[in-house]
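**Q** File run_14.cif below, mmCIF, C-alpha atoms:
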data_work
#
loop_
_atom_site.label_atom_id
_atom_site.label_comp_id
_atom_site.auth_asym_id
_atom_site.auth_seq_id
_atom_site.Cartn_x
_atom_site.Cartn_y
_atom_site.Cartn_z
CA MET A 41 9.86 -20.01 -30.84
CA ASN A 42 10.07 -16.69 -32.65
CA SER A 43 10.96 -14.06 -30.08
CA THR A 44 9.74 -11.21 -32.33
CA LEU A 45 6.11 -11.90 -31.40
CA THR A 46 4.83 -9.64 -28.66
CA GLY A 47 1.71 -8.95 -26.67
CA ALA A 48 -1.31 -11.16 -27.16
CA VAL A 49 0.28 -13.06 -30.08
CA ALA A 50 3.24 -14.15 -27.95
CA SER A 51 0.90 -15.12 -25.10
CA TYR A 52 -1.24 -17.16 -27.48
CA LEU A 53 1.82 -18.95 -28.86
CA ALA A 54 3.05 -19.75 -25.32
CA GLN A 55 -0.26 -21.40 -24.48
CA VAL A 56 -0.20 -23.46 -27.70
CA ARG A 57 3.32 -24.58 -26.87
CA ALA A 58 2.15 -25.70 -23.40
CA GLU A 59 -0.62 -27.79 -25.00
CA LEU A 60 1.92 -29.47 -27.30
CA SER A 61 4.73 -29.86 -24.74
CA ASP A 62 4.31 -33.67 -24.64
CA LEU A 63 5.55 -34.01 -28.25
CA PRO A 64 9.15 -34.99 -28.98
CA PRO A 65 11.45 -31.93 -28.90
CA GLY A 66 12.36 -32.05 -32.59
CA GLU A 67 8.79 -32.41 -33.78
CA LEU A 68 7.62 -29.73 -31.33
CA ALA A 69 10.12 -27.24 -32.77
CA ASP A 70 8.91 -27.91 -36.32
CA VAL A 71 5.26 -27.49 -35.33
CA LEU A 72 5.96 -24.26 -33.46
CA ASP A 73 7.79 -22.80 -36.47
CA ASP A 74 4.67 -23.38 -38.57
CA VAL A 75 2.43 -21.97 -35.82
CA THR A 76 4.64 -18.87 -35.48
CA GLY A 77 4.39 -18.14 -39.19
CA HIS A 78 0.63 -18.63 -39.15
CA LEU A 79 0.18 -16.34 -36.16
CA THR A 80 2.34 -13.67 -37.80
CA GLU A 81 0.13 -13.73 -40.89
CA VAL A 82 -3.07 -13.58 -38.83
CA ALA A 83 -1.74 -10.68 -36.74
CA ALA A 84 -0.89 -8.74 -39.89
CA GLU A 85 -4.52 -8.85 -40.97
CA PHE A 86 -5.53 -6.62 -38.02
CA GLU A 87 -5.16 -2.84 -38.21
CA GLY A 88 -3.28 -2.75 -34.93
CA GLU A 89 -1.91 -5.27 -32.52
CA PRO A 90 -4.60 -7.91 -31.94
CA THR A 91 -5.99 -8.70 -28.52
CA GLY A 92 -6.32 -12.10 -26.98
CA ILE A 93 -10.08 -12.08 -27.52
CA ALA A 94 -9.65 -11.20 -31.20
CA LEU A 95 -7.24 -14.09 -31.70
CA GLN A 96 -9.53 -16.53 -29.96
CA GLU A 97 -12.47 -15.39 -32.08
CA ARG A 98 -10.39 -16.00 -35.20
CA LEU A 99 -8.49 -19.18 -34.25
CA GLY A 100 -10.30 -20.56 -31.21
CA THR A 101 -8.79 -21.05 -27.80
CA PRO A 102 -5.14 -22.21 -27.62
CA ARG A 103 -6.33 -25.64 -26.52
CA GLU A 104 -8.70 -25.93 -29.49
CA TYR A 105 -6.01 -24.72 -31.87
CA ALA A 106 -3.51 -27.26 -30.50
CA ALA A 107 -6.10 -30.06 -30.78
CA GLU A 108 -6.60 -29.25 -34.47
CA LEU A 109 -2.84 -29.41 -35.02
CA ARG A 110 -2.68 -32.84 -33.35
CA THR A 111 -5.48 -34.15 -35.52
CA ALA A 112 -3.96 -32.77 -38.74
CA ALA A 113 -0.50 -34.19 -37.96
CA GLY A 114 -1.81 -37.49 -36.64
CA TYR A 115 -0.56 -37.03 -33.06
CA PRO A 116 -2.42 -38.79 -30.24
CA PRO A 117 -4.55 -36.70 -27.83
CA ARG A 118 -2.81 -35.33 -24.79
CA THR A 119 -3.23 -37.44 -21.62
CA GLN A 120 -1.07 -35.48 -19.13
CA PRO A 121 -2.31 -32.28 -17.49
CA VAL A 122 -1.04 -29.10 -19.06
CA THR A 123 1.34 -26.97 -17.02
CA ASP A 124 0.39 -23.35 -17.30
CA GLN A 125 3.16 -21.72 -19.35
CA ASN A 126 1.30 -18.49 -20.01
CA PRO A 127 3.30 -15.70 -18.31
CA GLY A 128 0.22 -13.50 -18.19
CA ASN A 129 -1.79 -16.07 -16.22
CA ARG A 130 0.98 -16.74 -13.71
CA ALA A 131 1.84 -13.08 -13.26
CA LEU A 132 -1.81 -12.21 -12.73
CA ARG A 133 -2.23 -15.05 -10.22
CA TRP A 134 0.65 -13.78 -8.09
CA GLY A 135 -0.65 -10.24 -8.41
CA ILE A 136 -4.04 -11.27 -7.05
CA ILE A 137 -2.37 -12.98 -4.08
CA ALA A 138 -0.32 -9.87 -3.37
CA THR A 139 -3.39 -7.64 -3.68
CA LEU A 140 -5.76 -9.67 -1.51
CA VAL A 141 -3.87 -11.86 0.96
CA GLY A 142 -1.15 -9.39 1.91
CA PRO A 143 -3.47 -6.45 2.65
CA PHE A 144 -5.78 -8.80 4.58
CA PHE A 145 -3.10 -9.46 7.19
CA VAL A 146 -2.09 -5.80 7.21
CA ALA A 147 -5.71 -4.85 7.92
CA ILE A 148 -5.70 -7.24 10.88
CA ALA A 149 -2.55 -5.49 12.11
CA VAL A 150 -4.21 -2.08 11.83
CA PHE A 151 -7.16 -3.07 13.99
CA ALA A 152 -5.35 -5.46 16.34
CA GLY A 153 -5.64 -4.73 20.05
CA GLY A 154 -1.97 -4.73 21.07
CA GLN A 155 1.36 -3.58 19.74
CA GLY A 156 2.79 -7.11 19.65
CA ALA A 157 -0.13 -8.49 17.64
CA SER A 158 -0.02 -5.51 15.28
CA ALA A 159 3.68 -6.00 14.61
CA PHE A 160 3.24 -9.75 14.02
CA PHE A 161 0.34 -9.54 11.58
CA GLY A 162 1.86 -6.51 9.86
CA PHE A 163 5.13 -8.40 9.29
CA ILE A 164 3.27 -11.44 7.88
CA GLY A 165 1.16 -9.23 5.62
CA PHE A 166 4.08 -7.32 4.12
CA VAL A 167 6.11 -10.51 3.59
CA ILE A 168 3.22 -12.02 1.60
CA LEU A 169 2.59 -8.77 -0.26
CA PHE A 170 6.16 -8.15 -1.43
CA GLY A 171 6.93 -11.84 -1.90
CA ALA A 172 3.94 -12.47 -4.17
CA ALA A 173 4.57 -9.21 -6.05
CA TYR A 174 8.17 -10.24 -6.68
CA LEU A 175 7.10 -13.66 -7.98
CA GLY A 176 4.55 -11.95 -10.23
CA VAL A 177 7.22 -9.75 -11.78
CA ARG A 178 9.46 -12.79 -12.24
CA ALA A 179 6.63 -14.63 -13.98
CA LEU A 180 6.46 -11.92 -16.62
CA ARG A 181 10.00 -12.72 -17.74
CA ASP A 182 10.75 -10.32 -20.59
CA ASN A 183 7.13 -9.88 -21.63
CA ASP A 184 5.25 -6.63 -21.56
CA PRO A 185 3.10 -6.38 -18.39
CA ARG A 186 0.06 -5.87 -20.61
CA VAL A 187 0.04 -9.62 -21.36
CA VAL A 188 -2.11 -10.04 -18.25
CA LEU A 189 -4.86 -8.16 -20.06
CA ASP A 190 -4.87 -10.81 -22.77
CA THR A 191 -5.85 -13.55 -20.33
CA PRO A 192 -9.56 -14.28 -19.79
CA ARG A 193 -9.41 -13.18 -16.16
CA GLY A 194 -7.48 -10.07 -17.06
CA GLN A 195 -9.98 -9.15 -19.75
CA ARG A 196 -12.90 -9.54 -17.39
CA GLY A 197 -11.16 -7.39 -14.79
CA GLU A 198 -10.33 -4.72 -17.35
CA ARG A 199 -13.93 -4.54 -18.54
CA ALA A 200 -15.21 -4.29 -14.95
CA ILE A 201 -12.80 -1.46 -14.15
CA ARG A 202 -13.66 0.41 -17.33
CA ASP A 203 -17.37 0.08 -16.57
CA LEU A 204 -16.82 1.61 -13.14
CA ILE A 205 -14.78 4.46 -14.60
CA GLU A 206 -17.48 5.18 -17.15
CA GLN A 207 -19.94 5.79 -14.30
CA ILE A 208 -17.90 8.81 -13.15
CA PRO A 209 -18.81 12.10 -14.88
CA PRO A 210 -16.10 13.24 -17.31
CA ASN A 211 -15.38 16.50 -15.45
CA VAL A 212 -15.00 14.69 -12.13
CA ARG A 213 -12.83 12.04 -13.78
CA LYS A 214 -10.51 14.75 -15.08
CA GLU A 215 -10.20 16.38 -11.64
CA LEU A 216 -9.45 13.03 -10.03
CA VAL A 217 -6.57 12.49 -12.43
CA THR A 218 -5.08 15.98 -12.33
CA ILE A 219 -5.64 16.81 -8.64
CA GLY A 220 -6.80 13.71 -6.78
CA GLN A 221 -3.98 11.47 -8.00
CA PRO A 222 -1.07 13.60 -6.64
CA VAL A 223 -2.95 14.15 -3.38
CA TRP A 224 -3.41 10.42 -3.04
CA TRP A 225 0.28 9.81 -3.67
CA VAL A 226 1.27 12.16 -0.86
CA LEU A 227 -1.43 10.98 1.54
CA ARG A 228 -0.71 7.26 1.20
CA GLY A 229 3.04 7.85 1.61
CA ALA A 230 2.60 10.06 4.68
CA VAL A 231 0.30 7.58 6.41
CA GLY A 232 2.49 4.64 5.42
CA GLY A 233 5.72 6.23 6.61
CA GLY A 234 4.28 7.53 9.87
CA GLY A 235 2.30 4.37 10.55
CA PHE A 236 5.42 2.22 10.12
CA PHE A 237 7.19 3.99 13.00
CA LEU A 238 4.04 4.00 15.12
CA LEU A 239 3.72 0.27 14.53
CA PHE A 240 7.04 -0.29 16.30
CA GLY A 241 6.44 2.33 19.00
CA ALA A 242 8.77 5.01 17.59
CA GLY A 243 6.27 7.84 17.77
CA ALA A 244 8.99 10.48 18.20
CA VAL A 245 10.10 10.10 14.56
CA ALA A 246 6.65 9.49 13.07
CA VAL A 247 6.52 12.99 11.53
CA VAL A 248 9.88 12.48 9.84
CA GLY A 249 8.69 9.10 8.62
CA SER A 250 5.57 10.69 7.14
CA ILE A 251 7.63 13.21 5.17
CA VAL A 252 10.01 10.55 3.87
CA GLY A 253 7.08 8.27 3.03
CA ALA A 254 5.37 10.99 1.00
CA VAL A 255 8.54 11.64 -1.02
CA VAL A 256 9.09 7.93 -1.68
CA SER A 257 5.44 7.47 -2.66
CA VAL A 258 5.61 10.22 -5.29
CA TRP A 259 8.86 8.77 -6.65
CA VAL A 260 7.36 5.29 -6.91
CA ALA A 261 4.29 6.67 -8.69
CA ARG A 262 6.45 8.38 -11.29
CA ARG A 263 8.50 5.23 -11.68
CA THR A 264 5.36 3.15 -12.21
CA GLN A 265 4.27 5.37 -15.08
CA GLN A 266 7.53 4.51 -16.85
CA ASP A 267 7.72 0.80 -15.96
CA HIS A 268 4.39 -0.96 -15.51
CA ARG A 269 6.01 -3.89 -13.70
CA TRP A 270 5.96 -1.71 -10.58
CA LEU A 271 2.18 -2.13 -10.60
CA TRP A 272 2.65 -5.53 -8.93
CA TYR A 273 3.93 -3.64 -5.88
CA VAL A 274 1.93 -0.42 -6.16
CA VAL A 275 -1.55 -1.94 -6.54
CA PRO A 276 -1.33 -4.04 -3.33
CA LEU A 277 0.13 -1.07 -1.45
CA ASN A 278 -2.77 1.05 -2.70
CA VAL A 279 -5.16 -1.51 -1.23
CA VAL A 280 -3.30 -1.30 2.10
CA ALA A 281 -3.46 2.49 1.96
CA ALA A 282 -7.18 2.37 1.17
CA VAL A 283 -7.63 0.57 4.51
CA ALA A 284 -5.02 2.38 6.59
CA VAL A 285 -5.71 5.97 5.53
CA PRO A 286 -9.40 6.02 6.63
CA ALA A 287 -8.45 4.19 9.84
CA PHE A 288 -5.73 6.75 10.58
CA LEU A 289 -7.98 9.72 9.87
CA SER A 290 -10.82 8.26 11.95
CA ALA A 291 -8.50 7.60 14.88
CA ALA A 292 -7.08 11.10 14.66
CA PHE A 293 -10.57 12.60 14.56
CA LEU A 294 -11.70 10.63 17.61
CA GLY A 295 -8.53 11.51 19.50
CA ALA A 296 -7.48 7.93 20.23
CA TYR A 297 -5.26 5.38 18.52
CA SER A 298 -5.52 1.62 18.46
CA GLY A 299 -3.70 -1.34 17.07
CA VAL A 300 -0.93 -0.09 14.82
CA PHE A 301 -1.19 3.37 16.36
CA ASP A 302 0.24 2.74 19.81
CA ARG A 303 -1.95 4.31 22.50
CA ASP A 304 1.03 4.56 24.86
CA ASN A 305 2.53 7.22 22.62
CA TYR A 306 -0.61 9.33 22.81
CA GLN A 307 -1.67 9.37 26.42
CA GLY A 308 -2.84 12.95 26.07
CA ALA A 309 -5.03 12.23 23.07
CA SER A 310 -8.05 11.54 25.22
CA SER A 311 -8.45 12.32 28.90
CA TYR A 312 -11.55 10.19 29.32
CA ASN A 313 -11.05 6.49 29.91
CA PRO A 314 -14.33 5.07 31.21
CA PRO A 315 -13.84 2.38 33.85
CA SER A 316 -15.23 -1.07 33.25
CA GLU A 317 -16.20 -1.63 36.90
CA GLY A 318 -15.93 -0.12 40.39
CA LEU A 319 -17.05 3.20 41.88
CA ARG A 320 -15.39 6.42 40.69
CA TRP A 321 -15.78 10.13 41.42
CA ASN A 322 -14.30 12.76 39.11
CA GLY A 323 -12.14 10.10 37.51
CA SER A 324 -10.65 8.78 40.78
CA GLU A 325 -11.42 5.40 42.32
CA VAL A 326 -13.64 5.45 45.42
CA THR A 327 -12.58 2.86 48.00
CA ASN A 328 -14.79 3.96 50.89
CA VAL A 329 -17.79 6.23 51.62
CA TYR A 330 -18.38 8.04 54.95
CA PRO A 331 -22.04 9.19 55.29
CA PHE A 332 -23.03 12.02 57.72
CA ASP A 333 -26.51 13.08 58.82
CA ALA A 334 -27.85 16.64 58.79
CA GLN A 335 -26.37 17.35 62.20
CA GLY A 336 -22.90 16.29 61.06
CA LYS A 337 -22.95 12.94 62.85
CA GLN A 338 -21.37 9.97 61.10
CA THR A 339 -23.77 7.13 60.32
CA SER A 340 -23.97 3.89 58.34
CA VAL A 341 -26.14 3.45 55.23
CA ALA A 342 -26.73 0.99 52.41
CA LEU A 343 -26.15 2.34 48.88
CA TYR A 344 -28.34 1.48 45.85
CA THR A 345 -28.71 2.83 42.32
CA GLN A 346 -31.92 4.22 40.84
CA ASP A 347 -32.63 0.71 39.50
CA GLY A 348 -32.32 -0.93 42.91
CA GLU A 349 -28.87 -2.38 42.24
CA ALA A 350 -26.56 -2.43 45.24
CA ILE A 351 -23.47 -0.24 45.00
CA THR A 352 -20.80 -2.45 46.50
CA LEU A 353 -17.20 -1.86 47.51
CA PRO A 354 -14.52 -4.42 48.38
CA PRO A 355 -13.82 -4.87 52.11
CA GLN A 356 -10.77 -3.27 53.67
CA ASP A 357 -10.88 -4.69 57.20
CA CYS A 358 -8.54 -7.02 59.05
CA ALA A 359 -10.57 -10.08 58.02
CA ARG A 360 -9.06 -10.01 54.55
CA ASP A 361 -5.89 -11.81 55.60
CA GLY A 362 -3.11 -11.56 58.08
CA ASN A 363 -1.47 -8.54 56.45
CA GLY A 364 -4.41 -6.94 54.70
CA ASN A 365 -3.03 -7.68 51.25
CA GLY A 366 -6.07 -9.24 49.63
CA VAL A 367 -9.61 -10.49 49.92
CA SER A 368 -9.91 -13.99 51.31
CA GLY A 369 -13.27 -15.39 50.24
CA GLN A 370 -15.27 -12.27 51.17
CA ALA A 371 -17.84 -10.70 48.91
CA ASN A 372 -18.25 -6.98 48.35
CA SER A 373 -20.61 -5.08 50.64
CA ASN A 374 -22.90 -2.10 50.09
CA ILE A 375 -22.92 -1.11 53.79
CA VAL A 376 -20.72 1.96 54.22
CA PRO A 377 -18.50 3.04 55.69
CA HIS A 378 -16.33 -0.04 55.47
CA ALA A 379 -14.03 -0.82 58.32
CA VAL A 380 -10.45 0.02 57.38
CA ALA A 381 -7.55 -2.08 58.65
CA THR A 382 -5.10 -0.04 60.70
CA TYR A 383 -2.04 -1.27 62.49
CA VAL A 384 -1.04 -0.13 65.96
CA PRO A 385 1.96 -1.10 68.08
CA SER A 386 1.55 -4.30 70.02
CA GLU A 387 0.89 -4.04 73.76
CA ASN A 388 2.91 -7.18 74.38
CA THR A 389 6.33 -6.72 75.84
CA PRO A 390 9.06 -7.78 73.40
CA THR A 391 10.76 -11.01 74.35
CA GLU A 392 14.15 -12.44 73.55
CA SER A 393 12.58 -14.83 71.01
CA ASP A 394 10.64 -11.99 69.33
CA PRO A 395 12.38 -8.70 70.03
CA ASN A 396 10.39 -6.93 67.29
CA GLU A 397 6.77 -7.59 68.17
CA SER A 398 4.48 -7.34 65.09
CA PRO A 399 1.89 -4.55 65.13
CA VAL A 400 -1.72 -5.44 65.82
CA CYS A 401 -4.41 -5.00 63.16
CA LYS A 402 -7.50 -3.08 64.28
CA ASP A 403 -10.62 -2.13 62.33
CA GLU A 404 -11.43 1.57 62.12
CA SER A 405 -14.64 2.91 60.57
CA LYS A 406 -14.34 6.50 61.77
CA ALA A 407 -13.82 9.06 59.05
CA PRO A 408 -10.19 10.12 58.82
CA PHE A 409 -11.23 13.69 58.16
CA THR A 410 -13.34 16.42 59.74
CA PRO A 411 -16.52 17.05 57.72
CA PRO A 412 -17.57 20.59 56.86
CA GLN A 413 -20.04 22.42 59.12
CA PHE A 414 -23.61 21.25 58.42
CA PRO A 415 -26.46 23.84 58.39
CA THR A 416 -29.25 23.67 60.99
CA ALA A 417 -32.17 21.59 59.73
CA GLY A 418 -35.12 24.08 60.16
CA PRO A 419 -36.21 26.12 63.25
CA THR A 420 -35.83 24.65 66.73
CA THR A 421 -38.89 23.58 68.84
CA ASN A 422 -38.39 25.96 71.81
CA PRO A 423 -36.41 28.86 70.62
CA THR A 424 -34.81 30.97 73.29
CA PRO A 425 -36.28 34.53 73.14
CA THR A 426 -33.85 37.31 72.74
CA PRO A 427 -34.40 39.91 75.60
CA ASN A 428 -35.39 43.36 74.53
CA PRO A 429 -33.13 46.12 75.70
CA THR A 430 -34.47 47.88 78.89
CA PRO A 431 -34.82 51.62 78.51
CA SER A 432 -32.58 53.51 80.86
CA ASN A 433 -34.20 55.84 83.50
CA LYS A 434 -30.99 57.62 84.07
CA VAL A 435 -31.32 61.36 83.61
CA THR A 436 -28.57 62.87 81.63
CA PRO A 437 -27.16 65.79 83.55
CA PRO A 438 -26.80 69.03 81.75
CA ALA A 439 -23.50 69.90 80.34
CA VAL A 440 -21.33 72.04 82.52
CA LYS A 441 -20.51 75.30 80.94
CA PRO A 442 -17.05 76.55 81.58
CA SER A 443 -16.75 79.87 83.29
CA ALA A 444 -15.62 82.78 81.27
CA LYS A 445 -12.62 83.12 83.48
CA PRO A 446 -11.43 79.84 84.80
CA THR A 447 -9.49 79.77 87.95
CA PRO A 448 -5.82 79.48 87.26
CA GLY A 449 -4.56 75.95 87.94
CA ALA A 450 -8.07 74.42 87.82
CA THR A 451 -8.97 71.47 85.51
CA LEU A 452 -11.73 71.87 82.92
CA THR A 453 -14.10 68.90 82.71
CA VAL A 454 -16.82 68.59 80.00
CA GLN A 455 -19.62 66.04 80.48
CA PRO A 456 -21.00 64.94 77.07
CA THR A 457 -24.70 64.69 76.53
CA ARG A 458 -26.01 61.12 76.40
#
Using C-alpha cells, write down the structure that the file contains.
**A**
Amino acid sequence: MNSTLTGAVASYLAQVRAELSDLPPGELADVLDDVTGHLTEVAAEFEGEPTGIALQERLGTPREYAAELRTAAGYPPRTQPVTDQNPGNRALRWGIIATLVGPFFVAIAVFAGGQGASAFFGFIGFVILFGAAYLGVRALRDNDPRVVLDTPRGQRGERAIRDLIEQIPPNVRKELVTIGQPVWWVLRGAVGGGGFFLLFGAGAVAVVGSIVGAVVSVWVARRTQQDHRWLWYVVPLNVVAAVAVPAFLSAAFLGAYSGVFDRDNYQGASSYNPPSEGLRWNGSEVTNVYPFDAQGKQTSVALYTQDGEAITLPPQDCARDGNGNGVSGQANSNIVPHAVATYVPSENTPTESDPNESPVCKDESKAPFTPPQFPTAGPTTNPTPTPNPTPSNKVTPPAVKPSAKPTPGATLTVQPTR
C-alpha cells in the first residue's frame, strides 16, 4: 500500500483493503497497487484534499468499490465478515467509550453517598476513561487524527457540532474563544486537582492540588493545540469537568459537600443538621420533660402535636433491663416525666460470697433541678387588708431654748421638733 496517501484517501484505501483481505496475498498486492494509483488520480482532480464524502460520491462506498473490482477481475464474492481495518472508525469507537462510559462512573462517584463508594466508582471511571483513550490513540497508528472526520459517524458528529456553533452569535462566539476558553482551562484544572485530594480525604492539601491542577490543565490545553491526539484524553476529561464543576460550585454555594467532597473535612460548613427522628430543643436531644403547673408544682401530662400526634420519648426506667442499657420490648410513651433509673447502695449486708453487693435500681421521676419562681396566677380570693397607719396623738413638746448663759459644767440638750 502506498504510504504517501493521507487523510480521507488513505482511510478509503484501508477500507477497500479490508474488503479484499480474503484474496491471496500476491493478488491482493497487485490489486491494491492499481487502486492506489486510481485514488491518487481521483484525489488530484479536487482543488484541495478530498473528504470522505466527496470520495464516496465519486467512487461509491469502499464496499461498493471493492465489489466492482471483484466483478471486473472475476473474483468470487466475499463470504467472511469484514474486519474493520479503518483506523478512523476504531479510534472514534474508543473515543466514544472514553467520553461516555468513563465520565458516567465518575459522575456516580461525584454524587455517591460515602467516601468509600466515591473512591471506588471514581477509580473505575478513570481506568475506563484513560484506558479507552489510550486504545483510541493506538488505533490511529501514524494517521492524522482528522481521519475520524472522514468516517460516516465522524461526519455526522462534525455537522451536528457545527450546527450548534452556528446558533451562537458571532460576537459571543469570539468572546468564548478568547476569554471563556482560558477561564475554562483554569476552572476545570482547579476543580479536578482539588477534587482528587478531597476524594481521598486529604482536604488539607486541596488548595495546593487546585493550583497544580490549574497549571497542568493549561499545559495540556496548549499541548492539545499542537498534537490533536491529546483530544482522546481531553474531550472525556472535559465531560467529567462539565459534571464536576457545577456540582462543586453548587455544593460550595449551599455550604455542604457530598460524595466526592468529604463532609468530614467540612464540619463547619453547615451548622444545621436536621434530625430524622426524636425530640430536640435548640439542637440538643431531649430525653425527658418535667412539666410544672402555675404554682410551681411538678405534674404529669401527655404531649401531643397540633395534628394530634403523640410526642413520645423512649423509657428510661429500671424496667428496661437489669443494668438500664437498653429497651427490652417496651414502646415509647408520651406521658412525661418519664421515670429515670437511678442506682443506690444496697441495704443488704455484704456476705463472704458477695462482698461487693450490687447497687439497687430505683425509679425517680422527680425533677433533678429547682424550677424558677412562678408568678402568682391572678388576685387571691380573700386578700389580707393592709392596716392603715394610726395617727399619733402625741404632742410634740416645744424645743428647749438654751439660756444665754449656760451654767458652767451643765449639759446642753436639744429636743428636735417632730
**Q** Quick one, how far is CA of Val150 (chain A) from CA of Gly162 (chain A)?
**A**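 Pair CA of Val150 (chain A) / CA of Gly162 (chain A) returns 7.8 Å.
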**Q** Fewer than 6 positions away in the same chain doesn't count, so skip those; otherwise give me all residues within 9 Å of Ile351 (chain A), counting all atoms listed in the file, as a list in words.
**A**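 The contact residues come out as Gly318, Leu319, Ala342, Leu343, Tyr344, Thr345, Ser373, Asn374 and Ile375 of chain A.
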**Q** I'd like the interatomic distance between CA of Trp321 (chain A) and CA of Glu349 (chain A), to a tenth of an Å.
**A**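 Computed distance, CA of Trp321 (chain A) to CA of Glu349 (chain A), equals 18.1 Å.
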**Q** Evaluate the PyMOL selection byres ((chain A and resi 329) around 10) and record the selected residues as a list in words, following the chain and residue labels used in the document.
**A**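 Checking the PyMOL selection byres ((chain A and resi 329) around 10) against this file, the residues are Val326, Thr327, Asn328, Tyr330, Pro331, Phe332, Ser340, Val341, Leu343, Leu353, Asn374, Ile375, Val376, Pro377, His378 and Ala407 of chain A.
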**Q** Ranking A:Val226, A:Ala281, A:Ala83, A:Val275 by minimum distance to Val255 (chain A) and counting all atoms listed in the file, which one comes first?
**A** A:Val226
**Q** Which is closest to Gly229 (chain A) among A:Ala284, A:Ile205, A:Leu53, A:Ala244, if we use only C-alpha atoms?
**A**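 Looking at the shortest contact to Gly229 (chain A), the residue is A:Ala284.
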**Q** When you look at Tyr383 (chain A) with a cut-off of 6 Å (counting only C-alpha atoms), what residues show up, excluding the ones that are within fewer than 6 positions of it in the same chain? I need them as a PyMOL selection string.
**A** chain A and resi 399-401
**Q** A:Leu277, A:Val231, A:Ile219, A:Ala261: which is nearest Gly249 (chain A), counting all atoms listed in the file?
**A**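 Between A:Leu277, A:Val231, A:Ile219, A:Ala261, the residue approaching Gly249 (chain A) most closely is A:Val231.
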**Q** Running the PyMOL selection byres ((chain A and resi 172-174) around 8) on this model by hand, what would come out? Give it as a list in words.
**A**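 In the shown coordinates, the PyMOL selection byres ((chain A and resi 172-174) around 8) covers Trp134, Gly135, Ile137, Ala138, Ile168, Leu169, Phe170, Gly171, Leu175, Gly176, Val177, Arg178, Trp272 and Tyr273 of chain A.
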**Q** Quick one, how far is CA of Ala69 (chain A) from CA of Pro192 (chain A)?
**A**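 Result for CA of Ala69 (chain A) versus CA of Pro192 (chain A): 26.9 Å, one decimal.
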**Q** On this structure, which residues satisfy the PyMOL selection byres ((chain A and resi 54) around 9), written as an MDAnalysis selection string?
**A** chainID A and resid 41 49:53 55:59 102 125:127
**Q** May I ask which of the residues A:Ala149, A:Val247, A:Leu60, A:Ala379 is the closest one to Val75 (chain A), counting all atoms listed in the file?
**A**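 For Val75 (chain A), the nearest of the given residues is A:Leu60.
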